[in-house]
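Structure data (PDB, C-alpha atoms) from model-v1.pdb:
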ATOM      1  CA  MET A 116      -4.357   9.526  11.287
ATOM      2  CA  GLU A 117      -1.795   6.745  11.575
ATOM      3  CA  ILE A 118      -2.143   4.284   8.730
ATOM      4  CA  LYS A 119      -1.787   0.703   9.996
ATOM      5  CA  PRO A 120      -3.561  -1.678   7.612
ATOM      6  CA  THR A 121      -3.286  -5.420   8.164
ATOM      7  CA  GLU A 122      -1.924  -7.686   5.430
ATOM      8  CA  SER A 123      -5.452  -8.532   4.245
ATOM      9  CA  GLU A 124      -6.447  -4.871   4.282
ATOM     10  CA  LEU A 125      -3.361  -4.031   2.212
ATOM     11  CA  GLU A 126      -4.374  -6.637  -0.379
ATOM     12  CA  ILE A 127      -7.791  -4.971  -0.649
ATOM     13  CA  LEU A 128      -6.236  -1.504  -0.811
ATOM     14  CA  GLN A 129      -3.940  -2.624  -3.643
ATOM     15  CA  VAL A 130      -7.027  -3.450  -5.707
ATOM     16  CA  ILE A 131      -8.765  -0.183  -4.820
ATOM     17  CA  TRP A 132      -5.636   1.887  -5.577
ATOM     18  CA  LYS A 133      -5.321   0.160  -8.947
ATOM     19  CA  LYS A 134      -8.956   0.731  -9.919
ATOM     20  CA  GLY A 135      -9.617   4.040  -8.150
ATOM     21  CA  GLN A 136     -12.948   2.932  -6.767
ATOM     22  CA  CYS A 137     -14.709  -0.393  -6.882
ATOM     23  CA  THR A 138     -17.396  -2.633  -5.500
ATOM     24  CA  VAL A 139     -16.901  -5.481  -3.057
ATOM     25  CA  ARG A 140     -17.545  -7.895  -5.944
ATOM     26  CA  GLU A 141     -14.739  -6.345  -8.023
ATOM     27  CA  VAL A 142     -12.316  -6.546  -5.109
ATOM     28  CA  HIS A 143     -13.350 -10.112  -4.338
ATOM     29  CA  GLU A 144     -12.918 -11.233  -7.959
ATOM     30  CA  GLU A 145      -9.452  -9.707  -8.112
ATOM     31  CA  LEU A 146      -8.376 -11.282  -4.819
ATOM     32  CA  ALA A 147      -9.820 -14.672  -5.828
ATOM     33  CA  LYS A 148      -7.274 -14.859  -8.645
ATOM     34  CA  ASN A 149      -4.495 -15.396  -6.088
ATOM     35  CA  LYS A 150      -6.100 -16.661  -2.888
ATOM     36  CA  ASP A 151      -9.079 -18.562  -1.614
ATOM     37  CA  ALA A 152     -11.304 -16.041   0.134
ATOM     38  CA  GLY A 153     -15.059 -15.937   0.447
ATOM     39  CA  TYR A 154     -17.133 -13.014  -0.745
ATOM     40  CA  THR A 155     -18.539 -12.446   2.746
ATOM     41  CA  THR A 156     -15.005 -12.293   4.180
ATOM     42  CA  THR A 157     -14.079  -9.598   1.659
ATOM     43  CA  LEU A 158     -17.305  -7.730   2.437
ATOM     44  CA  LYS A 159     -16.693  -7.868   6.198
ATOM     45  CA  LEU A 160     -13.084  -6.712   5.828
ATOM     46  CA  MET A 161     -14.163  -3.773   3.680
ATOM     47  CA  GLN A 162     -16.853  -2.845   6.232
ATOM     48  CA  ILE A 163     -14.207  -2.914   8.974
ATOM     49  CA  MET A 164     -11.910  -0.783   6.816
ATOM     50  CA  HIS A 165     -14.759   1.710   6.410
ATOM     51  CA  ASP A 166     -15.264   1.787  10.184
ATOM     52  CA  LYS A 167     -11.507   2.355  10.670
ATOM     53  CA  GLY A 168     -11.560   5.280   8.225
ATOM     54  CA  MET A 169      -9.395   3.613   5.582
ATOM     55  CA  VAL A 170     -12.016   3.698   2.839
ATOM     56  CA  GLU A 171     -15.122   5.684   2.100
ATOM     57  CA  ARG A 172     -18.301   4.094   0.811
ATOM     58  CA  ASP A 173     -20.639   5.673  -1.721
ATOM     59  CA  THR A 174     -24.109   4.361  -0.923
ATOM     60  CA  THR A 175     -26.053   6.426  -3.452
ATOM     61  CA  SER A 176     -26.692   3.397  -5.646
ATOM     62  CA  LYS A 177     -27.658  -0.203  -4.900
ATOM     63  CA  THR A 178     -24.064  -1.330  -5.446
ATOM     64  CA  HIS A 179     -21.786   0.463  -3.000
ATOM     65  CA  LEU A 180     -18.513   1.859  -4.317
ATOM     66  CA  TYR A 181     -15.441   1.964  -2.108
ATOM     67  CA  LYS A 182     -12.564   4.403  -2.435
ATOM     68  CA  ALA A 183      -9.322   4.618  -0.427
ATOM     69  CA  LEU A 184      -8.991   7.592   1.891
ATOM     70  CA  PHE A 185      -5.205   7.641   1.600
ATOM     71  CA  THR A 186      -2.775   6.992  -1.220
ATOM     72  CA  MET A 187      -0.412   4.087  -1.698
ATOM     73  CA  GLU A 188       2.454   6.556  -1.260
ATOM     74  CA  GLN A 189       1.075   7.656   2.129
ATOM     75  CA  ALA A 190       0.814   4.022   3.257
ATOM     76  CA  GLN A 191       4.349   3.285   2.036
ATOM     77  CA  SER A 192       5.736   6.370   3.757
ATOM     78  CA  ASN A 193       3.999   5.510   7.028
ATOM     79  CA  ALA A 194       5.205   1.885   6.933
ATOM     80  CA  LEU A 195       8.746   2.951   6.027
ATOM     81  CA  ASP A 196       8.858   5.515   8.849
ATOM     82  CA  LYS A 197       7.770   2.855  11.326
ATOM     83  CA  ILE A 198      10.308   0.288  10.075
ATOM     84  CA  LEU A 199      13.071   2.890   9.959
ATOM     85  CA  SER A 200      12.466   4.064  13.514
ATOM     86  CA  THR A 201      11.814   0.684  15.137
ATOM     87  CA  VAL A 202      13.877  -1.882  13.218
ATOM     88  CA  PHE A 203      16.756   0.297  12.005
ATOM     89  CA  LYS A 204      16.801   2.799  14.916
ATOM     90  CA  GLY A 205      16.613   5.696  12.459
ATOM     91  CA  SER A 206      19.558   4.621  10.294
ATOM     92  CA  THR A 207      18.640   5.204   6.657
ATOM     93  CA  SER A 208      21.949   3.741   5.480
ATOM     94  CA  ASP A 209      21.360   0.499   7.405
ATOM     95  CA  LEU A 210      17.901   0.200   5.846
ATOM     96  CA  VAL A 211      19.208   0.758   2.296
ATOM     97  CA  ILE A 212      22.157  -1.590   2.758
ATOM     98  CA  GLN A 213      19.862  -4.292   4.140
ATOM     99  CA  ALA A 214      17.350  -3.822   1.323
ATOM    100  CA  LEU A 215      19.975  -3.969  -1.403
ATOM    101  CA  GLY A 216      21.848  -6.808   0.285
ATOM    102  CA  GLN A 217      18.784  -9.013   0.668
ATOM    103  CA  HIS A 218      17.079  -8.441  -2.679
ATOM    104  CA  ARG A 219      18.620  -8.477  -6.127
ATOM    105  CA  ALA A 220      17.973  -5.070  -7.687
ATOM    106  CA  SER A 221      17.725  -4.871 -11.462
ATOM    107  CA  LYS A 222      20.079  -2.667 -13.489
ATOM    108  CA  ASP A 223      17.177  -0.227 -14.034
ATOM    109  CA  GLU A 224      16.523  -0.071 -10.294
ATOM    110  CA  ILE A 225      20.224   0.518  -9.539
ATOM    111  CA  ASP A 226      20.314   3.260 -12.193
ATOM    112  CA  ALA A 227      17.207   4.877 -10.679
ATOM    113  CA  ILE A 228      18.797   4.776  -7.220
ATOM    114  CA  LYS A 229      22.032   6.315  -8.556
ATOM    115  CA  ASN A 230      20.077   9.060 -10.335
ATOM    116  CA  PHE A 231      18.106   9.790  -7.168
ATOM    117  CA  LEU A 232      21.288   9.973  -5.088
ATOM    118  CA  ASN A 233      22.957  12.243  -7.660
ATOM    119  CA  GLN A 234      19.931  14.544  -7.646
ATOM    120  CA  PHE A 235      19.792  14.439  -3.851
ATOM    121  CA  ASP A 236      23.508  15.363  -3.733
ATOM    122  CA  GLN A 237      22.956  18.259  -6.185
ATOM    123  CA  ASP A 238      20.049  19.578  -4.085
ATOM    124  CA  LYS A 239      22.248  19.613  -0.978
ATOM    125  CA  LYS A 240      24.861  21.881  -2.645
TER
END
Have the structure of the file written as structure tokens, please.
Amino acid sequence: MEIKPTESELEILQVIWKKGQCTVREVHEELAKNKDAGYTTTLKLMQIMHDKGMVERDTTSKTHLYKALFTMEQAQSNALDKILSTVFKGSTSDLVIQALGQHRASKDEIDAIKNFLNQFDQDKK
């Protein structure tokens, strides 16, 4: 399954990934902290996400619980693959240079990148 959530669906998924599983009310309350969205809008979006196969819904109790059917890492990987192939024509170096050139990375992030590259280099030997 290709994972292609909309921006609003990603906001909902962020809440579900953080909590593991949650009700529409819990998602709505979390989203309401940062944006003006009605409860029924959140409910409808989550129903659509269920129909699309993005979330599963446990209906065994009065209050339905929703759970993501894919991980945040799977969504990130899918989005990155799409951006890499379409925007950067497969060039990983162009993507990394653009990302680092456009956004100020912290010292910890730079260190993590260096460590990853060093490990990647060691694995190639």
How close does each residue of region 166-233 of chain A get to region 126-142 of chain A, giving the shortest atom pair and distance in Å to one decimal for every residue with an atom at most 10 Å away, counting all atoms listed in the file, sorted by chain and residue number, as a Markdown table?
| residue | atom | partner | partner_atom | distance |
| --- | --- | --- | --- | --- |
| A:Met169 | CA | A:Leu128 | CA | 8.8 |
| A:Val170 | CA | A:Leu128 | CA | 8.6 |
| A:Glu171 | CA | A:Gln136 | CA | 9.5 |
| A:Arg172 | CA | A:Thr138 | CA | 9.3 |
| A:Asp173 | CA | A:Gln136 | CA | 9.6 |
| A:Thr178 | CA | A:Thr138 | CA | 6.8 |
| A:His179 | CA | A:Thr138 | CA | 5.9 |
| A:Leu180 | CA | A:Thr138 | CA | 4.8 |
| A:Tyr181 | CA | A:Gln136 | CA | 5.4 |
| A:Lys182 | CA | A:Gln136 | CA | 4.6 |
| A:Ala183 | CA | A:Ile131 | CA | 6.5 |
| A:Leu184 | CA | A:Leu128 | CA | 9.9 |
| A:Phe185 | CA | A:Trp132 | CA | 9.2 |
| A:Thr186 | CA | A:Trp132 | CA | 7.3 |
| A:Met187 | CA | A:Trp132 | CA | 6.9 |
| A:Ala190 | CA | A:Leu128 | CA | 9.8 |
Self-check item: Using all atoms listed in the file: which of A:Asp209, A:Glu145, A:Glu124, A:Asp226 has the shortest distance to Met161 (chain A)
Solution: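 For Met161 (chain A), the nearest of the candidates is A:Glu124.
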Self-check item: Residue nearest Thr121 (chain A) - candidates A:Lys167, A:Lys239, A:Lys229, A:Lys150, atoms counted: all atoms listed in the file
Solution: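 Among the listed residues, the smallest separation from Thr121 (chain A) belongs to A:Lys167.
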Exercise. Grab the CA of Leu125 (chain A) to CA of His218 (chain A) distance for me, in Å with one decimal place.
Key: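 Between these atoms lies a distance of 21.5 Å.
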What are the centre and edge lengths in Å, to one decimal, of the axis-aligned box around all listed atoms of region 203-215 of chain A with 8 Å added on each side, as AutoDock Vina command-line options?
--center_x 19.4 --center_y 0.7 --center_z 6.8 --size_x 21.5 --size_y 26.0 --size_z 32.3
Quiz item: Quick one: distance from CA of Asp151 (chain A) to CA of Glu188 (chain A) in Å, one decimal?
Solution: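 One can read the CA of Asp151 (chain A) to CA of Glu188 (chain A) distance as 27.6 Å.
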Quiz item: Taking all atoms listed in the file into account, which of A:Ser123, A:Lys197, A:Leu160, A:Thr155 comes nearest Leu210 (chain A)?
Solution: A:Lys197
